[in-house]
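Next comes query.cif, a file with mmCIF, C-alpha atoms and all ligand atoms.
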data_data
loop_
_atom_site.group_PDB
_atom_site.id
_atom_site.type_symbol
_atom_site.label_atom_id
_atom_site.label_comp_id
_atom_site.auth_asym_id
_atom_site.auth_seq_id
_atom_site.Cartn_x
_atom_site.Cartn_y
_atom_site.Cartn_z
ATOM 1 C CA ALA A 403 -30.572 -11.719 -24.465
ATOM 2 C CA ILE A 404 -28.832 -12.079 -21.123
ATOM 3 C CA PRO A 405 -25.274 -12.404 -22.410
ATOM 4 C CA LEU A 406 -25.897 -9.443 -24.700
ATOM 5 C CA VAL A 407 -26.788 -7.161 -21.774
ATOM 6 C CA ALA A 408 -23.636 -8.272 -20.002
ATOM 7 C CA GLN A 409 -21.631 -7.678 -23.151
ATOM 8 C CA ILE A 410 -22.976 -4.161 -23.544
ATOM 9 C CA SER A 411 -22.129 -3.494 -19.900
ATOM 10 C CA THR A 412 -18.630 -4.796 -20.442
ATOM 11 C CA SER A 413 -18.019 -2.358 -23.262
ATOM 12 C CA ARG A 414 -19.707 0.453 -21.323
ATOM 13 C CA GLY A 415 -17.413 -0.372 -18.438
ATOM 14 C CA ALA A 416 -14.392 -0.252 -20.712
ATOM 15 C CA LYS A 417 -15.281 3.322 -21.663
ATOM 16 C CA GLN A 418 -15.095 4.240 -17.962
ATOM 17 C CA GLY A 419 -11.765 2.476 -17.654
ATOM 18 C CA LEU A 420 -13.210 -0.658 -16.049
ATOM 19 C CA LEU A 421 -11.903 -3.902 -17.480
ATOM 20 C CA ILE A 422 -14.174 -6.794 -16.601
ATOM 21 C CA ARG A 423 -11.977 -9.912 -16.493
ATOM 22 C CA SER A 424 -14.638 -12.092 -14.899
ATOM 23 C CA ARG A 425 -18.409 -11.928 -15.401
ATOM 24 C CA PRO A 426 -19.181 -13.358 -11.927
ATOM 25 C CA ALA A 427 -17.116 -10.513 -10.428
ATOM 26 C CA LEU A 428 -19.257 -7.936 -12.203
ATOM 27 C CA GLU A 429 -22.395 -9.741 -11.086
ATOM 28 C CA THR A 430 -21.273 -9.918 -7.436
ATOM 29 C CA ALA A 431 -20.225 -6.247 -7.334
ATOM 30 C CA ARG A 432 -23.851 -5.121 -6.827
ATOM 31 C CA THR A 433 -24.177 -7.026 -3.527
ATOM 32 C CA ILE A 434 -20.902 -5.963 -1.893
ATOM 33 C CA ASP A 435 -21.157 -4.999 1.806
ATOM 34 C CA VAL A 436 -17.587 -3.846 2.450
ATOM 35 C CA VAL A 437 -14.921 -2.338 0.228
ATOM 36 C CA LEU A 438 -11.433 -2.895 1.612
ATOM 37 C CA PHE A 439 -8.878 -0.522 0.092
ATOM 38 C CA ASP A 440 -5.132 -1.084 0.099
ATOM 39 C CA LYS A 441 -3.403 2.180 1.050
ATOM 40 C CA THR A 442 -0.142 2.620 -0.802
ATOM 41 C CA GLY A 443 -0.553 2.993 -4.541
ATOM 42 C CA THR A 444 -4.327 2.616 -4.346
ATOM 43 C CA LEU A 445 -5.679 5.463 -2.187
ATOM 44 C CA THR A 446 -2.293 7.180 -2.372
ATOM 45 C CA GLU A 447 -0.180 7.840 -5.444
ATOM 46 C CA GLY A 448 2.565 5.513 -4.248
ATOM 47 C CA ARG A 449 5.198 7.988 -5.422
ATOM 48 C CA GLN A 450 6.869 8.618 -2.127
ATOM 49 C CA GLY A 451 9.473 11.190 -1.179
ATOM 50 C CA VAL A 452 11.849 11.596 1.761
ATOM 51 C CA GLU A 453 10.596 14.485 3.919
ATOM 52 C CA THR A 454 13.062 14.337 6.798
ATOM 53 C CA VAL A 455 16.275 12.588 7.739
ATOM 54 C CA VAL A 456 17.077 12.552 11.459
ATOM 55 C CA VAL A 457 20.452 11.128 12.499
ATOM 56 C CA GLY A 458 21.639 9.732 15.810
ATOM 57 C CA ASP A 459 24.615 11.174 17.699
ATOM 58 C CA GLY A 460 27.809 11.315 15.648
ATOM 59 C CA VAL A 461 26.177 10.161 12.422
ATOM 60 C CA ASP A 462 26.646 12.226 9.260
ATOM 61 C CA GLU A 463 23.375 12.835 7.415
ATOM 62 C CA ASP A 464 24.765 12.392 3.882
ATOM 63 C CA GLU A 465 26.552 9.234 4.988
ATOM 64 C CA ALA A 466 23.249 7.863 6.334
ATOM 65 C CA VAL A 467 21.476 8.628 3.037
ATOM 66 C CA THR A 468 24.344 7.062 1.038
ATOM 67 C CA LEU A 469 24.214 3.858 3.085
ATOM 68 C CA ALA A 470 20.412 3.603 3.008
ATOM 69 C CA ALA A 471 20.405 4.071 -0.783
ATOM 70 C CA ALA A 472 23.060 1.341 -1.148
ATOM 71 C CA VAL A 473 20.982 -1.061 0.970
ATOM 72 C CA GLU A 474 17.811 -0.269 -1.024
ATOM 73 C CA ALA A 475 19.518 -0.455 -4.442
ATOM 74 C CA LYS A 476 17.875 -3.751 -5.426
ATOM 75 C CA SER A 477 14.444 -3.132 -3.876
ATOM 76 C CA GLU A 478 11.481 -2.083 -5.991
ATOM 77 C CA HIS A 479 9.431 -0.863 -3.053
ATOM 78 C CA PRO A 480 8.232 2.788 -3.253
ATOM 79 C CA ILE A 481 10.208 3.440 -0.040
ATOM 80 C CA ALA A 482 13.388 2.248 -1.762
ATOM 81 C CA ARG A 483 12.718 4.473 -4.739
ATOM 82 C CA ALA A 484 12.210 7.463 -2.424
ATOM 83 C CA ILE A 485 15.513 6.883 -0.611
ATOM 84 C CA ILE A 486 17.454 6.325 -3.839
ATOM 85 C CA ALA A 487 15.949 9.521 -5.299
ATOM 86 C CA GLU A 488 16.969 11.419 -2.142
ATOM 87 C CA ALA A 489 20.585 10.265 -2.552
ATOM 88 C CA ALA A 490 20.519 11.354 -6.195
ATOM 89 C CA ASP A 491 19.050 14.777 -5.255
ATOM 90 C CA ARG A 492 21.914 15.247 -2.832
ATOM 91 C CA ASP A 493 24.453 14.271 -5.539
ATOM 92 C CA LEU A 494 25.833 11.562 -3.290
ATOM 93 C CA LYS A 495 28.303 9.079 -4.677
ATOM 94 C CA LYS A 496 26.787 5.591 -4.973
ATOM 95 C CA ARG A 497 28.185 2.893 -2.726
ATOM 96 C CA ARG A 498 28.248 -0.780 -3.695
ATOM 97 C CA SER A 499 26.184 -3.287 -1.704
ATOM 98 C CA ALA A 500 26.003 -7.092 -1.686
ATOM 99 C CA GLN A 501 23.959 -9.965 -0.222
ATOM 100 C CA PHE A 502 20.713 -8.096 -0.531
ATOM 101 C CA THR A 503 17.769 -9.661 1.338
ATOM 102 C CA ALA A 504 14.223 -8.338 1.368
ATOM 103 C CA VAL A 505 12.175 -9.219 4.428
ATOM 104 C CA SER A 506 8.585 -9.075 3.283
ATOM 105 C CA GLY A 507 6.581 -6.244 4.862
ATOM 106 C CA ARG A 508 9.483 -5.366 7.159
ATOM 107 C CA GLY A 509 12.394 -3.977 5.169
ATOM 108 C CA VAL A 510 15.700 -4.907 3.565
ATOM 109 C CA THR A 511 19.241 -5.810 4.586
ATOM 110 C CA ALA A 512 22.510 -5.748 2.625
ATOM 111 C CA ARG A 513 26.234 -5.590 3.160
ATOM 112 C CA VAL A 514 28.170 -2.447 2.433
ATOM 113 C CA GLY A 515 31.868 -3.280 2.720
ATOM 114 C CA ASP A 516 32.158 -5.709 5.621
ATOM 115 C CA THR A 517 29.220 -4.361 7.552
ATOM 116 C CA GLU A 518 25.581 -5.417 7.489
ATOM 117 C CA TYR A 519 23.012 -2.627 7.295
ATOM 118 C CA SER A 520 19.222 -2.685 7.214
ATOM 119 C CA VAL A 521 16.456 -0.296 6.368
ATOM 120 C CA ALA A 522 13.679 -1.451 8.658
ATOM 121 C CA SER A 523 10.131 -0.641 9.677
ATOM 122 C CA GLY A 524 9.360 0.378 13.269
ATOM 123 C CA ARG A 525 7.625 -2.951 13.732
ATOM 124 C CA TRP A 526 10.728 -4.883 12.676
ATOM 125 C CA VAL A 527 12.940 -2.798 14.980
ATOM 126 C CA THR A 528 10.583 -3.563 17.879
ATOM 127 C CA GLU A 529 10.443 -7.266 17.014
ATOM 128 C CA GLN A 530 14.242 -7.431 17.199
ATOM 129 C CA SER A 531 14.161 -5.612 20.579
ATOM 130 C CA ILE A 532 16.407 -2.894 19.166
ATOM 131 C CA GLU A 533 16.440 0.317 21.147
ATOM 132 C CA VAL A 534 15.717 3.536 19.260
ATOM 133 C CA PRO A 535 17.659 6.604 20.547
ATOM 134 C CA SER A 536 15.328 9.008 22.385
ATOM 135 C CA THR A 537 15.961 11.846 19.907
ATOM 136 C CA LEU A 538 14.662 9.625 17.120
ATOM 137 C CA VAL A 539 11.651 8.408 19.130
ATOM 138 C CA ALA A 540 10.245 11.949 19.249
ATOM 139 C CA ALA A 541 10.871 12.496 15.543
ATOM 140 C CA ALA A 542 9.191 9.186 14.716
ATOM 141 C CA ARG A 543 6.095 10.092 16.714
ATOM 142 C CA GLU A 544 5.862 13.473 15.014
ATOM 143 C CA ALA A 545 6.245 11.971 11.534
ATOM 144 C CA GLY A 546 3.649 9.265 12.240
ATOM 145 C CA GLU A 547 1.148 11.842 13.432
ATOM 146 C CA ALA A 548 1.683 13.737 10.167
ATOM 147 C CA GLY A 549 0.876 10.578 8.209
ATOM 148 C CA GLN A 550 4.479 9.869 7.215
ATOM 149 C CA THR A 551 5.970 6.396 7.019
ATOM 150 C CA VAL A 552 9.028 5.969 9.235
ATOM 151 C CA VAL A 553 11.913 3.615 8.445
ATOM 152 C CA TYR A 554 15.195 3.207 10.325
ATOM 153 C CA LEU A 555 18.742 2.718 9.028
ATOM 154 C CA LEU A 556 20.472 0.119 11.182
ATOM 155 C CA GLU A 557 24.130 -0.879 11.362
ATOM 156 C CA GLY A 558 23.873 -4.367 12.798
ATOM 157 C CA ASP A 559 21.453 -3.722 15.646
ATOM 158 C CA ALA A 560 22.329 -0.077 16.229
ATOM 159 C CA VAL A 561 19.988 2.612 14.914
ATOM 160 C CA LEU A 562 21.902 5.218 12.879
ATOM 161 C CA ALA A 563 19.108 7.316 11.417
ATOM 162 C CA LEU A 564 15.423 7.736 10.719
ATOM 163 C CA PHE A 565 13.784 8.559 7.408
ATOM 164 C CA ALA A 566 10.286 10.077 7.339
ATOM 165 C CA ILE A 567 8.690 9.353 3.997
ATOM 166 C CA ALA A 568 5.559 11.030 2.700
ATOM 167 C CA ASP A 569 3.088 9.826 0.126
ATOM 168 C CA VAL A 570 0.366 11.851 -1.539
ATOM 169 C CA ILE A 571 -3.315 10.917 -1.250
ATOM 170 C CA ARG A 572 -4.856 10.698 -4.713
ATOM 171 C CA PRO A 573 -7.131 13.713 -5.202
ATOM 172 C CA GLU A 574 -9.999 11.390 -6.281
ATOM 173 C CA SER A 575 -9.842 9.169 -3.190
ATOM 174 C CA ARG A 576 -12.043 11.339 -0.986
ATOM 175 C CA ASP A 577 -14.921 11.290 -3.504
ATOM 176 C CA ALA A 578 -14.386 7.594 -4.124
ATOM 177 C CA VAL A 579 -14.885 6.829 -0.415
ATOM 178 C CA ALA A 580 -17.797 9.261 0.031
ATOM 179 C CA ALA A 581 -19.707 7.840 -2.953
ATOM 180 C CA LEU A 582 -19.499 4.317 -1.533
ATOM 181 C CA GLN A 583 -20.567 5.395 1.944
ATOM 182 C CA LYS A 584 -23.512 7.297 0.478
ATOM 183 C CA ARG A 585 -24.552 4.088 -1.247
ATOM 184 C CA GLY A 586 -24.523 2.334 2.137
ATOM 185 C CA VAL A 587 -21.316 0.398 1.489
ATOM 186 C CA ARG A 588 -18.898 0.071 4.432
ATOM 187 C CA VAL A 589 -15.357 1.246 3.614
ATOM 188 C CA ALA A 590 -12.187 0.000 5.326
ATOM 189 C CA LEU A 591 -8.442 0.444 4.878
ATOM 190 C CA LEU A 592 -5.808 -2.316 4.776
ATOM 191 C CA THR A 593 -2.080 -1.641 4.968
ATOM 192 C CA GLY A 594 1.275 -3.003 6.025
ATOM 193 C CA ASP A 595 2.173 0.488 7.179
ATOM 194 C CA ALA A 596 2.139 1.670 10.807
ATOM 195 C CA GLN A 597 -1.068 2.365 12.760
ATOM 196 C CA PRO A 598 -0.632 6.181 13.023
ATOM 197 C CA VAL A 599 -0.098 6.479 9.251
ATOM 198 C CA ALA A 600 -3.171 4.352 8.528
ATOM 199 C CA GLU A 601 -5.228 6.409 10.985
ATOM 200 C CA TRP A 602 -4.009 9.638 9.422
ATOM 201 C CA VAL A 603 -5.053 8.512 5.928
ATOM 202 C CA GLY A 604 -8.348 7.277 7.409
ATOM 203 C CA ARG A 605 -9.022 10.695 8.956
ATOM 204 C CA GLU A 606 -8.199 12.455 5.680
ATOM 205 C CA LEU A 607 -10.628 10.246 3.768
ATOM 206 C CA GLY A 608 -13.401 9.635 6.299
ATOM 207 C CA ILE A 609 -12.567 5.962 6.862
ATOM 208 C CA ASP A 610 -12.982 4.861 10.517
ATOM 209 C CA GLU A 611 -12.089 1.221 10.043
ATOM 210 C CA VAL A 612 -8.339 0.695 9.546
ATOM 211 C CA HIS A 613 -6.397 -2.574 9.537
ATOM 212 C CA ALA A 614 -2.732 -1.535 9.915
ATOM 213 C CA GLU A 615 0.622 -3.327 10.274
ATOM 214 C CA VAL A 616 -0.777 -6.282 8.393
ATOM 215 C CA LEU A 617 2.045 -8.402 7.011
ATOM 216 C CA PRO A 618 1.816 -9.352 3.315
ATOM 217 C CA GLY A 619 0.905 -12.969 4.145
ATOM 218 C CA GLN A 620 -1.903 -11.852 6.458
ATOM 219 C CA LYS A 621 -3.806 -9.568 4.117
ATOM 220 C CA SER A 622 -6.017 -12.386 2.840
ATOM 221 C CA ASP A 623 -6.731 -13.414 6.466
ATOM 222 C CA VAL A 624 -8.207 -9.955 7.072
ATOM 223 C CA VAL A 625 -10.458 -10.475 4.045
ATOM 224 C CA ALA A 626 -11.519 -13.890 5.372
ATOM 225 C CA GLU A 627 -12.193 -12.408 8.811
ATOM 226 C CA LEU A 628 -14.468 -9.749 7.316
ATOM 227 C CA GLN A 629 -16.281 -12.378 5.246
ATOM 228 C CA ARG A 630 -17.387 -14.285 8.352
ATOM 229 C CA GLY A 631 -21.134 -14.342 8.779
ATOM 230 C CA GLY A 632 -21.702 -13.919 5.053
ATOM 231 C CA THR A 633 -20.391 -10.381 4.610
ATOM 232 C CA SER A 634 -19.500 -9.812 0.968
ATOM 233 C CA VAL A 635 -16.076 -8.158 0.548
ATOM 234 C CA MET A 636 -14.492 -6.308 -2.338
ATOM 235 C CA MET A 637 -10.725 -5.842 -2.110
ATOM 236 C CA VAL A 638 -9.035 -3.084 -4.115
ATOM 237 C CA GLY A 639 -5.246 -3.161 -4.421
ATOM 238 C CA ASP A 640 -2.228 -2.688 -6.618
ATOM 239 C CA GLY A 641 0.709 -4.674 -5.331
ATOM 240 C CA VAL A 642 2.276 -8.116 -5.373
ATOM 241 C CA ASN A 643 1.388 -8.321 -1.676
ATOM 242 C CA ASP A 644 -2.257 -7.824 -2.462
ATOM 243 C CA ALA A 645 -2.704 -10.759 -4.877
ATOM 244 C CA PRO A 646 -3.862 -13.396 -2.329
ATOM 245 C CA ALA A 647 -6.287 -10.906 -0.761
ATOM 246 C CA LEU A 648 -7.660 -9.984 -4.198
ATOM 247 C CA ALA A 649 -8.147 -13.664 -4.986
ATOM 248 C CA ARG A 650 -9.765 -14.354 -1.617
ATOM 249 C CA ALA A 651 -12.289 -11.475 -1.798
ATOM 250 C CA ASP A 652 -15.763 -11.903 -3.282
ATOM 251 C CA VAL A 653 -14.664 -9.315 -5.823
ATOM 252 C CA GLY A 654 -11.003 -8.467 -6.386
ATOM 253 C CA MET A 655 -10.293 -5.188 -8.118
ATOM 254 C CA ALA A 656 -6.782 -4.243 -9.242
ATOM 255 C CA ILE A 657 -5.494 -0.779 -10.030
ATOM 256 C CA GLY A 658 -4.380 -0.842 -13.660
ATOM 257 C CA ALA A 659 -1.003 0.718 -12.938
ATOM 258 C CA GLY A 660 -0.343 -2.058 -10.433
ATOM 259 C CA THR A 661 1.652 -5.256 -10.765
ATOM 260 C CA ASP A 662 0.826 -8.057 -13.209
ATOM 261 C CA VAL A 663 0.297 -10.447 -10.288
ATOM 262 C CA ALA A 664 -2.373 -8.186 -8.824
ATOM 263 C CA ILE A 665 -4.080 -7.835 -12.196
ATOM 264 C CA GLU A 666 -4.107 -11.597 -12.726
ATOM 265 C CA SER A 667 -5.741 -12.130 -9.330
ATOM 266 C CA ALA A 668 -8.511 -9.614 -9.942
ATOM 267 C CA GLY A 669 -11.958 -9.955 -11.518
ATOM 268 C CA ILE A 670 -12.096 -6.279 -12.443
ATOM 269 C CA VAL A 671 -9.224 -3.950 -13.370
ATOM 270 C CA LEU A 672 -9.343 -0.178 -12.967
ATOM 271 C CA ALA A 673 -7.363 0.823 -16.037
ATOM 272 C CA SER A 674 -7.669 4.470 -15.006
ATOM 273 C CA SER A 675 -6.145 3.903 -11.517
ATOM 274 C CA ASP A 676 -8.956 6.192 -10.344
ATOM 275 C CA PRO A 677 -10.514 4.748 -7.168
ATOM 276 C CA ARG A 678 -13.878 6.339 -8.089
ATOM 277 C CA GLY A 679 -14.064 3.435 -10.525
ATOM 278 C CA VAL A 680 -15.028 1.202 -7.590
ATOM 279 C CA ASP A 681 -18.376 2.937 -7.166
ATOM 280 C CA GLN A 682 -18.825 3.032 -10.952
ATOM 281 C CA ALA A 683 -18.352 -0.735 -11.066
ATOM 282 C CA ILE A 684 -20.996 -1.258 -8.396
ATOM 283 C CA GLN A 685 -23.330 1.069 -10.272
ATOM 284 C CA LEU A 686 -22.661 -0.766 -13.549
ATOM 285 C CA SER A 687 -23.316 -4.091 -11.861
ATOM 286 C CA ARG A 688 -26.601 -2.921 -10.343
ATOM 287 C CA ARG A 689 -27.805 -1.523 -13.666
ATOM 288 C CA THR A 690 -26.753 -4.566 -15.668
ATOM 289 C CA TYR A 691 -28.274 -7.192 -13.441
ATOM 290 C CA ALA A 692 -31.411 -5.217 -12.554
ATOM 291 C CA LYS A 693 -32.310 -5.392 -16.263
ATOM 292 C CA MET A 694 -32.100 -9.154 -16.176
ATOM 293 C CA GLN A 695 -34.535 -9.822 -13.394
HETATM 294 P P1 LIG B 1 1.683 -1.614 2.019
HETATM 295 O O1 LIG B 1 0.653 -2.515 2.604
HETATM 296 O O2 LIG B 1 1.427 -0.185 2.429
HETATM 297 O O3 LIG B 1 1.826 -1.775 0.538
HETATM 298 P P2 LIG B 1 4.134 -3.174 2.521
HETATM 299 O O4 LIG B 1 3.530 -4.445 3.018
HETATM 300 O O5 LIG B 1 4.717 -3.166 1.160
HETATM 301 O O6 LIG B 1 3.093 -1.969 2.717
HETATM 302 O O7 LIG B 1 5.270 -2.727 3.542
HETATM 303 C C1 LIG B 1 4.994 -2.559 4.901
HETATM 304 C C2 LIG B 1 6.106 -1.848 5.612
HETATM 305 O O8 LIG B 1 7.323 -2.616 5.514
HETATM 306 C C3 LIG B 1 6.452 -0.500 5.014
HETATM 307 O O9 LIG B 1 5.630 0.524 5.496
HETATM 308 C C4 LIG B 1 7.897 -0.352 5.483
HETATM 309 O O10 LIG B 1 7.943 0.099 6.793
HETATM 310 C C5 LIG B 1 8.443 -1.774 5.413
HETATM 311 N N1 LIG B 1 9.159 -2.035 4.145
HETATM 312 C C6 LIG B 1 8.775 -2.849 3.126
HETATM 313 N N2 LIG B 1 9.687 -2.838 2.130
HETATM 314 C C7 LIG B 1 10.654 -1.957 2.492
HETATM 315 C C8 LIG B 1 11.867 -1.475 1.885
HETATM 316 N N3 LIG B 1 12.294 -1.864 0.694
HETATM 317 N N4 LIG B 1 12.585 -0.573 2.592
HETATM 318 C C9 LIG B 1 12.168 -0.158 3.804
HETATM 319 N N5 LIG B 1 11.066 -0.553 4.410
HETATM 320 C C10 LIG B 1 10.305 -1.443 3.782
HETATM 321 MG MG MG B 2 1.199 -2.290 -1.404
#
I need this file expressed as structure tokens, please.
Ligand code: ADP
Ligand code: MG
Amino acid sequence: AIPLVAQISTSRGAKQGLLIRSRPALETARTIDVVLFDKTGTLTEGRQGVETVVVGDGVDEDEAVTLAAAVEAKSEHPIARAIIAEAADRDLKKRRSAQFTAVSGRGVTARVGDTEYSVASGRWVTEQSIEVPSTLVAAAREAGEAGQTVVYLLEGDAVLALFAIADVIRPESRDAVAALQKRGVRVALLTGDAQPVAEWVGRELGIDEVHAEVLPGQKSDVVAELQRGGTSVMMVGDGVNDAPALARADVGMAIGAGTDVAIESAGIVLASSDPRGVDQAIQLSRRTYAKMQ
């Protein structure tokens, strides 16, 4: 009778948009202590848009957008898509780029003509000891406080411009977090994005615990850290970067609209992309395995 109950739960789950890829994952879901949510594409829509372009002295704004779009042409990151869309909205002529290199969790570089340009995170700019013009420092602070992701266009190691990029929090995320907290489950946020952006999203959603500026290779270390002392961790994510963390967690849950790598690393898939599915999975697990005892 036991497998039958689990089978019924699996099909009940499917109706709610929960694909159970691994039985042990469903069974463990009922004893989870912490749910760790990826930010971009999981709690937010991941469809980002350029809100502001701020240029340094003597830099033309359209030129900055043209160059940034050329550098991002081969990137599939939501930030790249936002910058390319901005160039298209402005009807800017495309410029050719070459020798594209993506630096994981930091940004991209490419050559346009004979010059090397980058679109870089604040962290990467700091790591390279590049000085940001004071006019851009103020704009960056303001954007960060408004929850916007800031990236810089660099020519070599000179900052030409700043792009403030906004994402939209999924309307269901607030309820998804509240339902878990009400159940007594701790909720935390994990992101490669800057601290102020993570804190802003945390404030919007009632999440106090944020792990920000975590490089792609370190996401699974954060999971391992939380697991110390026997804490049971569920990781929810959508991206290529999230796969090792999903695999490392006691339960890995992938957003259905996410990458194939994420889905393959997860025990449960949220076909609906609705983060409220996390609480539904825990509920389903508790009901299913309560019947068996
Ligand atoms: P997340 O954890 O939110 O999915 P990522 O690890 O993908 O974030 O990226 C972390 C940071 O690295 C981004 O916020 C951005 O600053 C920078 N970055 C990554 N890829 C790009 C890109 N193609 N263009 C510009 N910046 C990028
Ligand atoms: Mg991501």
*So which residues get picked by the PyMOL selection byres (((chain A and resi 485-489) around 7) and not hetatm) here, written as number ranges by chain?*
A: 452, 467-468, 470-471, 481-484, 490-494
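Using all atoms listed in the file for every distance, the candidate list A:Asp559, A:Glu474, A:Asp577, A:Glu533 yields A:Glu474 as the residue closest to A:Val521.
With distances taken over all atoms listed in the file, A:Gly658 is the one residue among A:Gly669, A:Gly586, A:Pro646, A:Gly658 lying closest to A:Gly419.
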*Within 10 Å of ligand MG 2 (chain B), which residues show up when you count only C-alpha atoms and all ligand atoms? List them as a PyMOL selection string, please.*
chain A and resi 440-444+448+479-480+507+592-595+618+639-645+660-661
Return the padded bounding box of stretch 533-545 of chain A as JSON: axis-aligned, built from all atoms listed in the file, 3 Å added on each side, with centre and edge lengths in Å to one decimal.
{"center_x": 11.8, "center_y": 6.9, "center_z": 17.0, "size_x": 17.8, "size_y": 19.2, "size_z": 16.9}
*Using atom CA of A:Ala427 and atom O2 of ligand LIG 1 (chain B) as the two end points, give the distance in Å to one decimal.*
24.8 Å
*Evaluate the PyMOL selection byres (((chain A and resi 456-459) around 7) and not hetatm) here and jot the selected residues down as an MDAnalysis selection string.*
chainID A and resid 454:455 460:461 463 535 538 562:565
*In Å, how far is it from atom C6 of ligand LIG 1 (chain B) to atom CA of A:Ala560?*
19.1 Å
*asked:* So the first atom is atom CA of A:Thr528 and the second is atom CA of A:Glu615; what is the distance between them in Å, to one decimal place?
replied: 12.5 Å
*10 Å contact set for A:Val436, all atoms listed in the file, chain neighbours under 4 positions out, as number ranges by chain*: A: 582-583, 586-590, 625, 628-629, 633-637
*asked:* Would you pick out the contacts of A:Ser575 at 7 Å or less, using only C-alpha atoms, so that residues sharing its chain but fewer than 2 positions from it are not included, and give the list as a PyMOL selection string?
replied: chain A and resi 445+572-573+577-579+677-678
*asked:* Report as an MDAnalysis selection string all protein, DNA and RNA residues lying within 8 Å of stretch 496-500 of chain A, evaluated on all atoms listed in the file, omitting residues in the same chain fewer than 4 positions from it.
replied: chainID A and resid 468:469 471:473 475 512:515
*Within 12 Å of (8.9, 11.0, 16.0), in the coordinates the file gives, what residues turn up when you count only C-alpha atoms, written out as a ChimeraX atom specification?*
/A:454-456,524,534-554,563-566,598
_My list of candidates is A:Ser477, A:Thr430, A:Gln530, A:Thr690. Which is closest to ligand LIG 1 (chain B) when distances are computed with all atoms listed in the file?_
A:Ser477
*Kindly resolve the PyMOL selection byres (((chain A and resi 520) around 6) and not hetatm) on the present coordinates and return the residues as a ChimeraX atom specification.*
/A:510-511,519,521-522,555-556
Hey, can you spit out that residue selection with C-alpha atoms as a compact mmCIF listing (two decimals), keeping the file's coordinate frame?
# COMPACT_ATOMS: atom_id res chain seq x y z
CA VAL A 510 15.70 -4.91 3.56
CA THR A 511 19.24 -5.81 4.59
CA TYR A 519 23.01 -2.63 7.30
CA VAL A 521 16.46 -0.30 6.37
CA ALA A 522 13.68 -1.45 8.66
CA LEU A 555 18.74 2.72 9.03
CA LEU A 556 20.47 0.12 11.18
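Residue nearest ligand LIG 1 (chain B) within the list A:Val527, A:Ala596, A:Ala466, A:Ile567: A:Ala596 [criterion: smallest interatomic distance, only C-alpha atoms and all ligand atoms].
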*With distances taken over only C-alpha atoms and all ligand atoms, which of A:Arg605, A:Arg423, A:Lys621, A:Arg630 is nearest to ligand LIG 1 (chain B)?*
A:Lys621
*Using only C-alpha atoms and all ligand atoms, which of A:Ala656, A:Val671, A:Leu617, A:Leu686 sits nearest ligand LIG 1 (chain B)?*
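Among A:Ala656, A:Val671, A:Leu617, A:Leu686, it is A:Leu617 that comes nearest to ligand LIG 1 (chain B).
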*Show me as a list in words the residues that reach within 9 Å of (-18.6, -6.4, -5.3), counting only C-alpha atoms and using the file's own coordinates.*
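In the file's frame, the residues around the point are Ala427, Leu428, Glu429, Thr430, Ala431, Arg432, Thr433, Ile434, Asp435, Val436, Val437, Ser634, Val635, Met636, Met637, Ala651, Asp652, Val653, Gly654, Met655, Val680, Ala683, Ile684 and Ser687 of chain A.
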